[in-house]
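Printed here is start.pdb (PDB, C-alpha atoms and all ligand atoms):
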```
ATOM      1  CA  MET F   9      16.077  15.984  -5.302
ATOM      2  CA  THR F  10      12.650  16.406  -6.800
ATOM      3  CA  THR F  11      11.230  16.587 -10.276
ATOM      4  CA  THR F  12       8.061  18.166 -11.580
ATOM      5  CA  ALA F  13       4.740  16.437 -11.038
ATOM      6  CA  GLY F  14       3.927  14.200 -13.973
ATOM      7  CA  GLN F  15       1.071  12.288 -15.423
ATOM      8  CA  ARG F  16      -1.836  11.638 -13.021
ATOM      9  CA  TYR F  17      -2.200   8.227 -11.410
ATOM     10  CA  GLN F  18      -4.207   6.025 -13.785
ATOM     11  CA  LEU F  19      -7.015   5.405 -11.249
ATOM     12  CA  GLY F  20      -6.977   8.955  -9.944
ATOM     13  CA  ASN F  21      -6.184   9.837  -6.355
ATOM     14  CA  SER F  22      -7.268  12.976  -4.601
ATOM     15  CA  THR F  23      -5.405  14.549  -1.723
ATOM     16  CA  SER F  24      -8.280  13.820   0.632
ATOM     17  CA  GLN F  25      -8.404  10.135  -0.447
ATOM     18  CA  LEU F  26      -4.676   9.761   0.210
ATOM     19  CA  HIS F  27      -4.976  11.413   3.623
ATOM     20  CA  LEU F  28      -7.939   9.239   4.608
ATOM     21  CA  MET F  29      -6.038   6.140   3.502
ATOM     22  CA  GLN F  30      -3.105   7.205   5.670
ATOM     23  CA  ASP F  31      -5.443   7.743   8.641
ATOM     24  CA  VAL F  32      -6.778   4.194   8.433
ATOM     25  CA  LEU F  33      -3.610   2.319   7.383
ATOM     26  CA  ASP F  34      -0.711   4.097   9.113
ATOM     27  CA  PRO F  35      -1.188   2.425  12.515
ATOM     28  CA  HIS F  36      -0.804  -1.007  10.839
ATOM     29  CA  THR F  37       2.276  -0.014   8.840
ATOM     30  CA  HIS F  38       3.891   1.663  11.871
ATOM     31  CA  ARG F  39       3.459  -1.617  13.805
ATOM     32  CA  GLN F  40       4.965  -3.584  10.894
ATOM     33  CA  LEU F  41       8.000  -1.261  10.784
ATOM     34  CA  ALA F  42       8.373  -1.501  14.571
ATOM     35  CA  ARG F  43       8.428  -5.308  14.290
ATOM     36  CA  ILE F  44      11.262  -5.363  11.765
ATOM     37  CA  GLY F  45      13.191  -2.671  13.679
ATOM     38  CA  VAL F  46      14.306   0.217  11.430
ATOM     39  CA  LYS F  47      17.638   1.658  12.652
ATOM     40  CA  PRO F  48      19.300   5.091  12.531
ATOM     41  CA  GLY F  49      21.515   5.524   9.477
ATOM     42  CA  GLN F  50      19.646   3.022   7.304
ATOM     43  CA  HIS F  51      18.536   3.674   3.712
ATOM     44  CA  ALA F  52      14.871   3.182   2.791
ATOM     45  CA  LEU F  53      12.876   3.292  -0.427
ATOM     46  CA  ASP F  54       9.125   4.078  -0.382
ATOM     47  CA  LEU F  55       7.482   3.212  -3.711
ATOM     48  CA  GLY F  56       4.152   4.871  -4.599
ATOM     49  CA  ALA F  57       4.643   7.173  -1.607
ATOM     50  CA  GLY F  58       1.367   9.094  -2.138
ATOM     51  CA  ALA F  59       0.964  11.859   0.451
ATOM     52  CA  GLY F  60       4.186  10.753   2.170
ATOM     53  CA  SER F  61       3.197   9.731   5.697
ATOM     54  CA  ILE F  62       5.248   6.517   5.549
ATOM     55  CA  THR F  63       8.164   8.333   3.888
ATOM     56  CA  ARG F  64       8.174  10.845   6.773
ATOM     57  CA  HIS F  65       7.769   8.098   9.386
ATOM     58  CA  LEU F  66      10.762   6.264   7.891
ATOM     59  CA  ALA F  67      12.756   9.520   7.844
ATOM     60  CA  GLY F  68      12.113   9.858  11.591
ATOM     61  CA  LEU F  69      13.273   6.268  12.179
ATOM     62  CA  VAL F  70      16.476   6.441  10.101
ATOM     63  CA  GLY F  71      17.295   9.907  11.490
ATOM     64  CA  PRO F  72      19.669  12.547  10.116
ATOM     65  CA  THR F  73      22.335   9.991   9.180
ATOM     66  CA  GLY F  74      19.890   7.899   7.136
ATOM     67  CA  LYS F  75      18.217   8.404   3.769
ATOM     68  CA  VAL F  76      14.695   7.816   2.445
ATOM     69  CA  THR F  77      13.919   7.840  -1.277
ATOM     70  CA  ALA F  78      10.257   8.405  -2.133
ATOM     71  CA  VAL F  79       8.969   7.596  -5.630
ATOM     72  CA  ASP F  80       5.587   8.358  -7.141
ATOM     73  CA  ILE F  81       4.085   9.135 -10.529
ATOM     74  CA  ASP F  82       2.590  12.228  -8.863
ATOM     75  CA  THR F  83       4.958  13.931  -6.416
ATOM     76  CA  ARG F  84       2.903  17.053  -5.614
ATOM     77  CA  LEU F  85       2.415  15.980  -1.995
ATOM     78  CA  LEU F  86       6.017  14.861  -1.380
ATOM     79  CA  ASP F  87       8.539  17.360  -0.018
ATOM     80  CA  PRO F  88      12.281  16.687  -0.198
ATOM     81  CA  THR F  89      14.351  17.313   2.955
ATOM     82  CA  ALA F  90      17.949  16.693   4.014
ATOM     83  CA  VAL F  91      16.936  13.041   4.601
ATOM     84  CA  ILE F  92      14.195  12.586   1.966
ATOM     85  CA  ASP F  93      14.867  12.424  -1.791
ATOM     86  CA  VAL F  94      11.803  12.606  -4.025
ATOM     87  CA  TYR F  95      11.707  11.062  -7.504
ATOM     88  CA  GLN F  96       8.851  11.422  -9.978
ATOM     89  CA  GLY F  97       8.567   8.358 -12.178
ATOM     90  CA  ASP F  98       6.110   5.913 -13.703
ATOM     91  CA  LEU F  99       7.045   2.567 -12.170
ATOM     92  CA  ARG F 100       5.275   0.745 -15.013
ATOM     93  CA  THR F 101       7.961   1.936 -17.428
ATOM     94  CA  THR F 102      10.861   3.279 -15.310
ATOM     95  CA  PRO F 103      12.908   1.037 -13.024
ATOM     96  CA  ALA F 104      12.853   1.866  -9.314
ATOM     97  CA  PRO F 105      15.881   4.067  -8.512
ATOM     98  CA  GLY F 106      18.981   2.771  -6.757
ATOM     99  CA  GLN F 107      21.799   0.254  -7.002
ATOM    100  CA  PRO F 108      21.411  -3.492  -6.340
ATOM    101  CA  GLY F 109      21.769  -3.985  -2.589
ATOM    102  CA  GLY F 110      21.382  -0.235  -1.985
ATOM    103  CA  TYR F 111      18.503  -0.278   0.547
ATOM    104  CA  ASP F 112      17.900  -1.695   4.014
ATOM    105  CA  ILE F 113      14.110  -1.288   3.809
ATOM    106  CA  ILE F 114      11.750  -1.078   0.854
ATOM    107  CA  THR F 115       8.070  -0.284   1.350
ATOM    108  CA  ALA F 116       5.195  -0.312  -1.142
ATOM    109  CA  ARG F 117       1.720   0.168   0.299
ATOM    110  CA  CYS F 118      -1.363  -0.087  -1.922
ATOM    111  CA  LEU F 119       0.812   0.192  -5.031
ATOM    112  CA  LEU F 120       1.653  -3.221  -6.486
ATOM    113  CA  GLU F 121      -1.994  -4.322  -6.740
ATOM    114  CA  HIS F 122      -2.517  -1.379  -9.141
ATOM    115  CA  LEU F 123       0.401  -2.037 -11.485
ATOM    116  CA  PRO F 124       0.382  -4.544 -14.364
ATOM    117  CA  ASN F 125       4.148  -5.163 -13.911
ATOM    118  CA  ARG F 126       3.741  -5.988 -10.188
ATOM    119  CA  VAL F 127       5.663  -9.283 -10.360
ATOM    120  CA  ASN F 128       8.599  -7.652 -12.158
ATOM    121  CA  LEU F 129       8.576  -4.743  -9.690
ATOM    122  CA  LEU F 130       8.639  -7.186  -6.776
ATOM    123  CA  ARG F 131      11.733  -8.765  -8.375
ATOM    124  CA  GLN F 132      13.340  -5.313  -8.733
ATOM    125  CA  MET F 133      12.617  -4.634  -5.063
ATOM    126  CA  THR F 134      14.318  -7.817  -3.894
ATOM    127  CA  THR F 135      17.362  -6.984  -6.074
ATOM    128  CA  LEU F 136      17.569  -3.456  -4.630
ATOM    129  CA  LEU F 137      17.532  -4.792  -1.057
ATOM    130  CA  GLN F 138      20.796  -5.537   0.621
ATOM    131  CA  PRO F 139      21.189  -8.955   2.285
ATOM    132  CA  GLY F 140      19.436  -8.782   5.652
ATOM    133  CA  GLY F 141      17.185  -5.951   4.387
ATOM    134  CA  TRP F 142      13.401  -5.967   4.717
ATOM    135  CA  LEU F 143      10.575  -5.674   2.230
ATOM    136  CA  VAL F 144       7.333  -4.242   3.666
ATOM    137  CA  LEU F 145       4.183  -4.568   1.536
ATOM    138  CA  GLY F 146       0.501  -3.922   2.134
ATOM    139  CA  ASP F 147      -2.495  -4.129  -0.169
ATOM    140  CA  ILE F 148      -6.295  -4.074  -0.097
ATOM    141  CA  VAL F 149      -7.679  -7.573  -0.646
ATOM    142  CA  TYR F 150     -11.193  -8.475  -1.819
ATOM    143  CA  SER F 151     -13.448  -9.356   1.114
ATOM    144  CA  ARG F 152     -17.143  -9.683   1.871
ATOM    145  CA  THR F 153     -18.694  -6.520   3.312
ATOM    146  CA  VAL F 154     -20.564  -6.866   6.613
ATOM    147  CA  VAL F 155     -23.034  -4.186   7.684
ATOM    148  CA  TYR F 156     -23.277  -4.389  11.484
ATOM    149  CA  ARG F 157     -25.800  -1.579  11.846
ATOM    150  CA  ALA F 158     -27.767   0.618   9.457
ATOM    151  CA  PRO F 159     -31.028   2.584   9.840
ATOM    152  CA  THR F 160     -32.978   0.128   7.621
ATOM    153  CA  GLU F 161     -32.524  -3.183   5.790
ATOM    154  CA  THR F 162     -32.694  -1.237   2.512
ATOM    155  CA  ASP F 163     -29.796   0.952   3.669
ATOM    156  CA  ALA F 164     -27.779  -2.126   4.678
ATOM    157  CA  THR F 165     -28.329  -3.664   1.229
ATOM    158  CA  LEU F 166     -27.327  -0.387  -0.432
ATOM    159  CA  ILE F 167     -24.074  -0.169   1.572
ATOM    160  CA  THR F 168     -23.162  -3.727   0.585
ATOM    161  CA  ARG F 169     -23.961  -3.059  -3.081
ATOM    162  CA  VAL F 170     -21.885   0.127  -3.213
ATOM    163  CA  VAL F 171     -18.819  -1.262  -1.415
ATOM    164  CA  HIS F 172     -18.852  -4.414  -3.563
ATOM    165  CA  GLY F 173     -19.404  -2.136  -6.590
ATOM    166  CA  ILE F 174     -16.244  -0.178  -5.680
ATOM    167  CA  LEU F 175     -14.206  -3.397  -5.398
ATOM    168  CA  ASP F 176     -15.665  -4.881  -8.610
ATOM    169  CA  THR F 177     -14.949  -1.651 -10.508
ATOM    170  CA  LEU F 178     -11.344  -1.565  -9.330
ATOM    171  CA  ALA F 179     -10.926  -5.227 -10.310
ATOM    172  CA  ALA F 180     -12.443  -4.535 -13.756
ATOM    173  CA  ARG F 181      -9.879  -1.730 -14.183
ATOM    174  CA  GLY F 182      -6.988  -4.091 -13.613
ATOM    175  CA  VAL F 183      -6.418  -3.793  -9.855
ATOM    176  CA  ASP F 184      -5.496  -7.272  -8.582
ATOM    177  CA  LEU F 185      -7.502  -7.526  -5.360
ATOM    178  CA  HIS F 186      -5.988 -10.958  -4.691
ATOM    179  CA  TRP F 187      -2.397  -9.744  -5.001
ATOM    180  CA  GLY F 188      -2.014  -9.444  -1.225
ATOM    181  CA  ASP F 189      -2.707 -13.194  -0.971
ATOM    182  CA  LYS F 190      -0.239 -14.033  -3.748
ATOM    183  CA  ALA F 191       2.735 -11.932  -2.595
ATOM    184  CA  PRO F 192       3.799 -14.189   0.339
ATOM    185  CA  GLY F 193       4.071 -17.265  -1.940
ATOM    186  CA  LEU F 194       6.100 -15.327  -4.508
ATOM    187  CA  LEU F 195       8.442 -14.056  -1.783
ATOM    188  CA  LEU F 196       8.919 -17.599  -0.449
ATOM    189  CA  ASP F 197       9.626 -18.831  -4.003
ATOM    190  CA  ALA F 198      12.180 -16.024  -4.372
ATOM    191  CA  GLY F 199      14.032 -17.408  -1.342
ATOM    192  CA  MET F 200      13.126 -14.584   1.063
ATOM    193  CA  ASN F 201      13.303 -15.354   4.794
ATOM    194  CA  HIS F 202      10.865 -14.627   7.626
ATOM    195  CA  VAL F 203       7.922 -14.119   5.268
ATOM    196  CA  ARG F 204       5.017 -13.030   7.498
ATOM    197  CA  SER F 205       1.560 -11.911   6.413
ATOM    198  CA  HIS F 206      -1.233 -10.339   8.480
ATOM    199  CA  SER F 207      -4.770  -9.599   7.300
ATOM    200  CA  HIS F 208      -6.875  -7.035   9.033
ATOM    201  CA  THR F 209     -10.472  -5.872   8.931
ATOM    202  CA  GLU F 210     -12.108  -3.670  11.522
ATOM    203  CA  THR F 211     -15.383  -1.869  12.073
ATOM    204  CA  TRP F 212     -15.727   1.556  10.475
ATOM    205  CA  THR F 213     -18.331   3.944  11.898
ATOM    206  CA  GLY F 214     -20.226   6.547   9.887
ATOM    207  CA  GLY F 215     -18.496   9.930  10.151
ATOM    208  CA  GLY F 216     -15.055   8.380  10.768
ATOM    209  CA  PRO F 217     -12.119   8.378   8.323
ATOM    210  CA  GLY F 218     -12.825   4.865   7.005
ATOM    211  CA  CYS F 219     -16.448   5.658   6.074
ATOM    212  CA  HIS F 220     -15.300   8.973   4.563
ATOM    213  CA  LEU F 221     -12.863   6.929   2.458
ATOM    214  CA  TYR F 222     -15.732   4.694   1.261
ATOM    215  CA  ALA F 223     -17.758   7.818   0.382
ATOM    216  CA  GLN F 224     -14.794   9.369  -1.507
ATOM    217  CA  ASP F 225     -14.094   6.152  -3.420
ATOM    218  CA  ALA F 226     -17.779   5.843  -4.380
ATOM    219  CA  HIS F 227     -17.795   9.482  -5.491
ATOM    220  CA  HIS F 228     -14.617   8.987  -7.527
ATOM    221  CA  LEU F 229     -15.988   5.861  -9.235
ATOM    222  CA  GLY F 230     -19.532   7.270  -9.527
ATOM    223  CA  ASP F 231     -19.860   6.848 -13.321
ATOM    224  CA  ALA F 232     -18.826   3.197 -13.171
ATOM    225  CA  LEU F 233     -21.150   2.567 -10.216
ATOM    226  CA  THR F 234     -24.160   4.010 -12.046
ATOM    227  CA  ASP F 235     -23.320   1.638 -14.928
ATOM    228  CA  THR F 236     -23.927  -1.242 -12.479
ATOM    229  CA  GLY F 237     -27.531  -0.091 -11.933
ATOM    230  CA  LEU F 238     -27.039   2.160  -8.896
ATOM    231  CA  THR F 239     -28.788   5.520  -9.262
ATOM    232  CA  ILE F 240     -27.572   9.019  -8.377
ATOM    233  CA  THR F 241     -30.134   8.937  -5.524
ATOM    234  CA  ASP F 242     -28.558   5.677  -4.262
ATOM    235  CA  LEU F 243     -25.113   7.287  -4.296
ATOM    236  CA  HIS F 244     -26.389  10.380  -2.426
ATOM    237  CA  ARG F 245     -27.970   8.100   0.185
ATOM    238  CA  PHE F 246     -24.693   6.162   0.479
ATOM    239  CA  THR F 247     -22.823   9.442   1.141
ATOM    240  CA  GLU F 248     -25.378  10.316   3.864
ATOM    241  CA  LEU F 249     -25.042   6.882   5.445
ATOM    242  CA  MET F 250     -21.247   7.104   5.484
ATOM    243  CA  ALA F 251     -21.576  10.326   7.522
ATOM    244  CA  ASP F 252     -24.145   8.843   9.951
ATOM    245  CA  PRO F 253     -22.575   7.700  13.268
ATOM    246  CA  TYR F 254     -25.379   5.117  13.640
ATOM    247  CA  VAL F 255     -23.875   3.135  10.737
ATOM    248  CA  VAL F 256     -21.231   0.480  11.461
ATOM    249  CA  VAL F 257     -19.705  -1.472   8.576
ATOM    250  CA  SER F 258     -16.663  -3.670   7.968
ATOM    251  CA  SER F 259     -13.551  -2.014   6.543
ATOM    252  CA  TYR F 260     -11.638  -2.914   3.418
ATOM    253  CA  GLN F 261      -9.424  -5.907   4.196
ATOM    254  CA  PHE F 262      -5.776  -4.846   4.408
ATOM    255  CA  THR F 263      -3.169  -7.570   4.016
ATOM    256  CA  ALA F 264       0.369  -6.657   5.045
ATOM    257  CA  THR F 265       3.422  -8.786   4.332
ATOM    258  CA  HIS F 266       7.043  -8.393   5.300
ATOM    259  CA  ALA F 267      10.043 -10.507   4.368
ATOM    260  CA  GLN F 268      13.801 -10.426   4.866
ATOM    261  CA  LYS F 269      16.422 -10.929   2.152
ATOM    262  CA  PRO F 270      18.752 -13.756   3.169
ATOM    263  CA  GLU F 271      22.415 -13.143   3.925
ATOM    264  CA  PRO F 272      24.684 -14.873   1.397
ATOM    265  CA  ARG F 273      25.810 -18.297   2.588
ATOM    266  CA  GLN F 274      29.298 -18.351   4.080
ATOM    267  CA  PRO F 275      31.551 -20.779   2.197
ATOM    268  CA  THR F 276      32.113 -23.804   4.409
ATOM    269  CA  ASN F 277      35.676 -24.985   4.908
ATOM    270  CA  PRO F 278      36.310 -28.424   3.403
ATOM    271  CA  PRO F 279      36.646 -31.083   6.099
ATOM    272  CA  THR F 280      40.252 -31.627   7.072
ATOM    273  CA  ALA F 281      41.676 -35.023   7.883
ATOM    274  CA  LYS F 282      42.374 -35.634  11.559
ATOM    275  CA  THR F 283      45.978 -36.217  12.381
ATOM    276  CA  ARG F 284      47.116 -37.994  15.454
TER     277      ARG F 284
HETATM  278  C1  LIG X   1      -3.411   4.048  -3.281
HETATM  279  S1  LIG X   1      -2.128   5.220  -3.292
HETATM  280  C2  LIG X   1      -1.120   4.709  -1.903
HETATM  281  C3  LIG X   1      -0.223   5.811  -1.399
HETATM  282  C4  LIG X   1       0.671   5.445  -0.214
HETATM  283  N1  LIG X   1       1.561   4.336  -0.527
HETATM  284  C5  LIG X   1      -0.162   5.109   0.996
HETATM  285  O1  LIG X   1      -0.428   3.917   1.229
HETATM  286  O2  LIG X   1      -0.556   6.032   1.725
HETATM  287  C6  LIG X   1      -1.171   4.629  -4.652
HETATM  288  C7  LIG X   1      -0.006   5.542  -4.977
HETATM  289  O3  LIG X   1       0.738   4.945  -6.039
HETATM  290  C8  LIG X   1       1.034   5.937  -7.003
HETATM  291  N2  LIG X   1       1.143   5.294  -8.321
HETATM  292  C9  LIG X   1       0.149   4.722  -9.026
HETATM  293  N3  LIG X   1       0.600   4.272 -10.211
HETATM  294  C10 LIG X   1       1.923   4.566 -10.235
HETATM  295  C11 LIG X   1       2.946   4.346 -11.188
HETATM  296  N4  LIG X   1       2.681   3.760 -12.365
HETATM  297  N5  LIG X   1       4.207   4.749 -10.916
HETATM  298  C12 LIG X   1       4.479   5.363  -9.715
HETATM  299  N6  LIG X   1       3.536   5.601  -8.776
HETATM  300  C13 LIG X   1       2.281   5.206  -9.031
HETATM  301  C14 LIG X   1      -0.148   6.890  -6.926
HETATM  302  O4  LIG X   1       0.180   8.177  -7.464
HETATM  303  C15 LIG X   1      -0.450   6.907  -5.449
HETATM  304  O5  LIG X   1       0.258   7.916  -4.775
END
```
Will you turn the file into structure tokens for me?
Amino acid sequence: MTTTAGQRYQLGNSTSQLHLMQDVLDPHTHRQLARIGVKPGQHALDLGAGAGSITRHLAGLVGPTGKVTAVDIDTRLLDPTAVIDVYQGDLRTTPAPGQPGGYDIITARCLLEHLPNRVNLLRQMTTLLQPGGWLVLGDIVYSRTVVYRAPTETDATLITRVVHGILDTLAARGVDLHWGDKAPGLLLDAGMNHVRSHSHTETWTGGGPGCHLYAQDAHHLGDALTDTGLTITDLHRFTELMADPYVVVSSYQFTATHAQKPEPRQPTNPPTAKTR
């Protein structure tokens, strides 16, 4: 089922931003899902599904006998199918759909870091998982920007200032850019098994999807960036640099974590006395 598109995402997200994010992050999430082994017939929940690439990937893995439920505050880019159900809802105020133990896999990529109720939502997710089910998370984590190549030193300094400005602005707006480092400890404390975390940065080249994502994020946060002392001319130059194949810069750091819900303990038979 689907419902009408609702209130816009608090930080804003354009179609092109969501597609660029998918371009740079999907290979990592596909590998994560391959590691846990999604099976035909399973039920999955994708929270903050965005433009739906992971929802559709999961639908391919669970096949026609499985089910994928996609949830987002803005469902315009999510299409229901025979396998995919789409729910519009604000996960800050509405519980994630489903019954306790109703899902084999729950994914949330670049969502929890944005939500003030992230710890409560993580708890909901573990409740909604069935024993043996997997939680698959991924978030952007604060990291130092490295400029490997730029036309001039001034350009390199500008790139660093703008990318750090993007991260600082998101943090000032309540995005927890250290959440990806905290999630594994919380999952261990919650008794989850096989908690594994991987952090990834790579080089992004001007003109590629990652640098386009930087340019889009800077454009989206332009007003806040000019408040930090950057000028409109600086931001135009940054856009040019992000399109220049000479430029090579480090990516956002992406930290992915997966964890398995333990099976309930089997009651052990009381020891019986040996008889001769
Ligand atoms: C950064 S995007 C990530 C999209 C997708 N998970 C991906 O990685 O490609 C964050 C998504 O979370 C959704 N979102 C943000 N706040 C939300 C809320 N309060 N309730 C439900 N969805 C929300 C946004 O609409 C957006 O689609």
Please check which protein, DNA or RNA residues sit within 6 Å of ligand LIG 1 (chain X), counting only C-alpha atoms and all ligand atoms, and write them as a PDB file with C-alpha atoms, in the coordinates of the input.
```pdb
ATOM      1  CA  TYR F  17      -2.200   8.227 -11.410  1.00  0.00           C
ATOM      2  CA  LEU F  26      -4.676   9.761   0.210  1.00  0.00           C
ATOM      3  CA  MET F  29      -6.038   6.140   3.502  1.00  0.00           C
ATOM      4  CA  GLN F  30      -3.105   7.205   5.670  1.00  0.00           C
ATOM      5  CA  GLY F  56       4.152   4.871  -4.599  1.00  0.00           C
ATOM      6  CA  ALA F  57       4.643   7.173  -1.607  1.00  0.00           C
ATOM      7  CA  GLY F  58       1.367   9.094  -2.138  1.00  0.00           C
ATOM      8  CA  ASP F  80       5.587   8.358  -7.141  1.00  0.00           C
ATOM      9  CA  ILE F  81       4.085   9.135 -10.529  1.00  0.00           C
ATOM     10  CA  ASP F  82       2.590  12.228  -8.863  1.00  0.00           C
ATOM     11  CA  GLY F  97       8.567   8.358 -12.178  1.00  0.00           C
ATOM     12  CA  ASP F  98       6.110   5.913 -13.703  1.00  0.00           C
ATOM     13  CA  LEU F  99       7.045   2.567 -12.170  1.00  0.00           C
ATOM     14  CA  ARG F 100       5.275   0.745 -15.013  1.00  0.00           C
ATOM     15  CA  ALA F 116       5.195  -0.312  -1.142  1.00  0.00           C
ATOM     16  CA  ARG F 117       1.720   0.168   0.299  1.00  0.00           C
ATOM     17  CA  CYS F 118      -1.363  -0.087  -1.922  1.00  0.00           C
ATOM     18  CA  LEU F 119       0.812   0.192  -5.031  1.00  0.00           C
TER      19      LEU F 119
END
```
Item to complete: Considering all atoms listed in the file, return as a ChimeraX atom specification whatever protein or nucleic-acid residues lie within 7 Å of Met200 of chain F, sequence-local ones (same chain, fewer than 4 positions apart) excluded.
Response: /F:195-196,267-270
Fill in: Using all atoms listed in the file: which of F:Glu121, F:Asp225, F:Asp93, F:Asp189 has the shortest distance to Gln25 of chain F
F:Asp225
Kindly compute an axis-aligned box around the listed atoms of segment 50-61 of chain F, allowing 6 Å on each side, and express its centre and edge lengths in Å to one decimal as JSON.
```
{"center_x": 10.3, "center_y": 7.4, "center_z": 1.4, "size_x": 30.7, "size_y": 20.8, "size_z": 23.9}
```
Item to complete: Could you state which residues are captured by the PyMOL selection byres (((chain F and resi 241-243) around 8) and not hetatm) in this file, as a PyMOL selection string?
Response: chain F and resi 166+170+226-227+230+238-240+244-247
Practice prompt. Apply the PyMOL selection byres (((chain F and resi 229) around 12) and not hetatm) to the displayed file and report the matching residues as a ChimeraX atom specification.
Written response: /F:19-21,170-171,173-178,180-181,222-228,230-236,238,243
Practice prompt. Name the residues that the PyMOL selection byres (((chain F and resi 204) around 10) and not hetatm) picks from the file above, as a VMD selection string, using the file's chain letters and numbers.
Written response: chain F and resid 144 192 195 to 196 201 to 203 205 to 206 264 to 268
Discussion item. Between atom CA of Gly109 of chain F and atom CA of Thr63 of chain F, what is the distance in Å, rounded to a tenth?
Written reply: 19.5 Å
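Take atom CA of Thr101 of chain F and atom CA of Thr263 of chain F: the distance between them is 26.0 Å.
For the residues F:Gln261, F:Thr73, F:Ser61, F:Gln107, ranking by smallest atom-to-atom distance to His186 of chain F using all atoms listed in the file places F:Gln261 first.
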At a cut-off of 8 Å around the point (-12.9, 5.4, 5.4) (file coordinates), what residues fall inside when counting only C-alpha atoms? I'd like the answer as an mmCIF file with C-alpha atoms, in the frame of the given file.
```cif
data_model
loop_
_atom_site.group_PDB
_atom_site.id
_atom_site.type_symbol
_atom_site.label_atom_id
_atom_site.label_comp_id
_atom_site.auth_asym_id
_atom_site.auth_seq_id
_atom_site.Cartn_x
_atom_site.Cartn_y
_atom_site.Cartn_z
ATOM 1 C CA LEU F 28 -7.939 9.239 4.608
ATOM 2 C CA MET F 29 -6.038 6.140 3.502
ATOM 3 C CA VAL F 32 -6.778 4.194 8.433
ATOM 4 C CA TRP F 212 -15.727 1.556 10.475
ATOM 5 C CA GLY F 216 -15.055 8.380 10.768
ATOM 6 C CA PRO F 217 -12.119 8.378 8.323
ATOM 7 C CA GLY F 218 -12.825 4.865 7.005
ATOM 8 C CA CYS F 219 -16.448 5.658 6.074
ATOM 9 C CA HIS F 220 -15.300 8.973 4.563
ATOM 10 C CA LEU F 221 -12.863 6.929 2.458
ATOM 11 C CA TYR F 222 -15.732 4.694 1.261
ATOM 12 C CA ALA F 223 -17.758 7.818 0.382
ATOM 13 C CA SER F 259 -13.551 -2.014 6.543
#
```
Item to complete: Identify which of the residues F:Leu85, F:Ala158, F:Ala104, F:Ala179 lies closest to Leu249 of chain F, counting only C-alpha atoms when measuring atom-to-atom distances.
Response: F:Ala158
Worksheet entry | Residue with smallest distance to Gly193 of chain F - pool F:Arg157, F:Val127, F:Leu53, F:Pro139, counting all atoms listed in the file |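 Looking only at the distances to Gly193 of chain F, the closest residue turns out to be F:Val127.
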Practice prompt. Kindly indicate which residue among F:Tyr260, F:Gly74, F:Thr153, F:Ile44 lies nearest to Gly141 of chain F, using only C-alpha atoms for the distances.
Written response: F:Ile44
Practice prompt. Using only C-alpha atoms, pick whichever of F:Leu123, F:Leu185, F:Met133, F:Ala59 has the shortest atom-to-atom distance to Pro108 of chain F.
Written response: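 Counting only C-alpha atoms, the residue closest to Pro108 of chain F is F:Met133.
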Your completed segment 161-172 of chain F with N, CA and C atoms, as a PDB file, keeping the file's coordinate frame:
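New file selection28.pdb:
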```pdb
ATOM      1  N   GLU F 161     -33.045  -2.071   6.605  1.00  0.00           N
ATOM      2  CA  GLU F 161     -32.524  -3.183   5.790  1.00  0.00           C
ATOM      3  C   GLU F 161     -32.147  -2.691   4.394  1.00  0.00           C
ATOM      4  N   THR F 162     -32.965  -1.773   3.858  1.00  0.00           N
ATOM      5  CA  THR F 162     -32.694  -1.237   2.512  1.00  0.00           C
ATOM      6  C   THR F 162     -31.351  -0.507   2.506  1.00  0.00           C
ATOM      7  N   ASP F 163     -31.084   0.250   3.584  1.00  0.00           N
ATOM      8  CA  ASP F 163     -29.796   0.952   3.669  1.00  0.00           C
ATOM      9  C   ASP F 163     -28.643  -0.050   3.746  1.00  0.00           C
ATOM     10  N   ALA F 164     -28.845  -1.119   4.534  1.00  0.00           N
ATOM     11  CA  ALA F 164     -27.779  -2.126   4.678  1.00  0.00           C
ATOM     12  C   ALA F 164     -27.475  -2.753   3.319  1.00  0.00           C
ATOM     13  N   THR F 165     -28.519  -3.061   2.559  1.00  0.00           N
ATOM     14  CA  THR F 165     -28.329  -3.664   1.229  1.00  0.00           C
ATOM     15  C   THR F 165     -27.596  -2.682   0.308  1.00  0.00           C
ATOM     16  N   LEU F 166     -27.966  -1.403   0.413  1.00  0.00           N
ATOM     17  CA  LEU F 166     -27.327  -0.387  -0.432  1.00  0.00           C
ATOM     18  C   LEU F 166     -25.830  -0.289  -0.108  1.00  0.00           C
ATOM     19  N   ILE F 167     -25.500  -0.269   1.184  1.00  0.00           N
ATOM     20  CA  ILE F 167     -24.074  -0.169   1.572  1.00  0.00           C
ATOM     21  C   ILE F 167     -23.289  -1.339   0.987  1.00  0.00           C
ATOM     22  N   THR F 168     -23.855  -2.544   1.126  1.00  0.00           N
ATOM     23  CA  THR F 168     -23.162  -3.727   0.585  1.00  0.00           C
ATOM     24  C   THR F 168     -22.983  -3.603  -0.926  1.00  0.00           C
ATOM     25  N   ARG F 169     -24.042  -3.176  -1.611  1.00  0.00           N
ATOM     26  CA  ARG F 169     -23.961  -3.059  -3.081  1.00  0.00           C
ATOM     27  C   ARG F 169     -22.896  -2.054  -3.498  1.00  0.00           C
ATOM     28  N   VAL F 170     -22.840  -0.916  -2.795  1.00  0.00           N
ATOM     29  CA  VAL F 170     -21.885   0.127  -3.213  1.00  0.00           C
ATOM     30  C   VAL F 170     -20.449  -0.324  -2.920  1.00  0.00           C
ATOM     31  N   VAL F 171     -20.209  -0.880  -1.728  1.00  0.00           N
ATOM     32  CA  VAL F 171     -18.819  -1.262  -1.415  1.00  0.00           C
ATOM     33  C   VAL F 171     -18.360  -2.383  -2.352  1.00  0.00           C
ATOM     34  N   HIS F 172     -19.227  -3.372  -2.595  1.00  0.00           N
ATOM     35  CA  HIS F 172     -18.852  -4.414  -3.563  1.00  0.00           C
ATOM     36  C   HIS F 172     -18.701  -3.813  -4.963  1.00  0.00           C
TER      37      HIS F 172
END
```
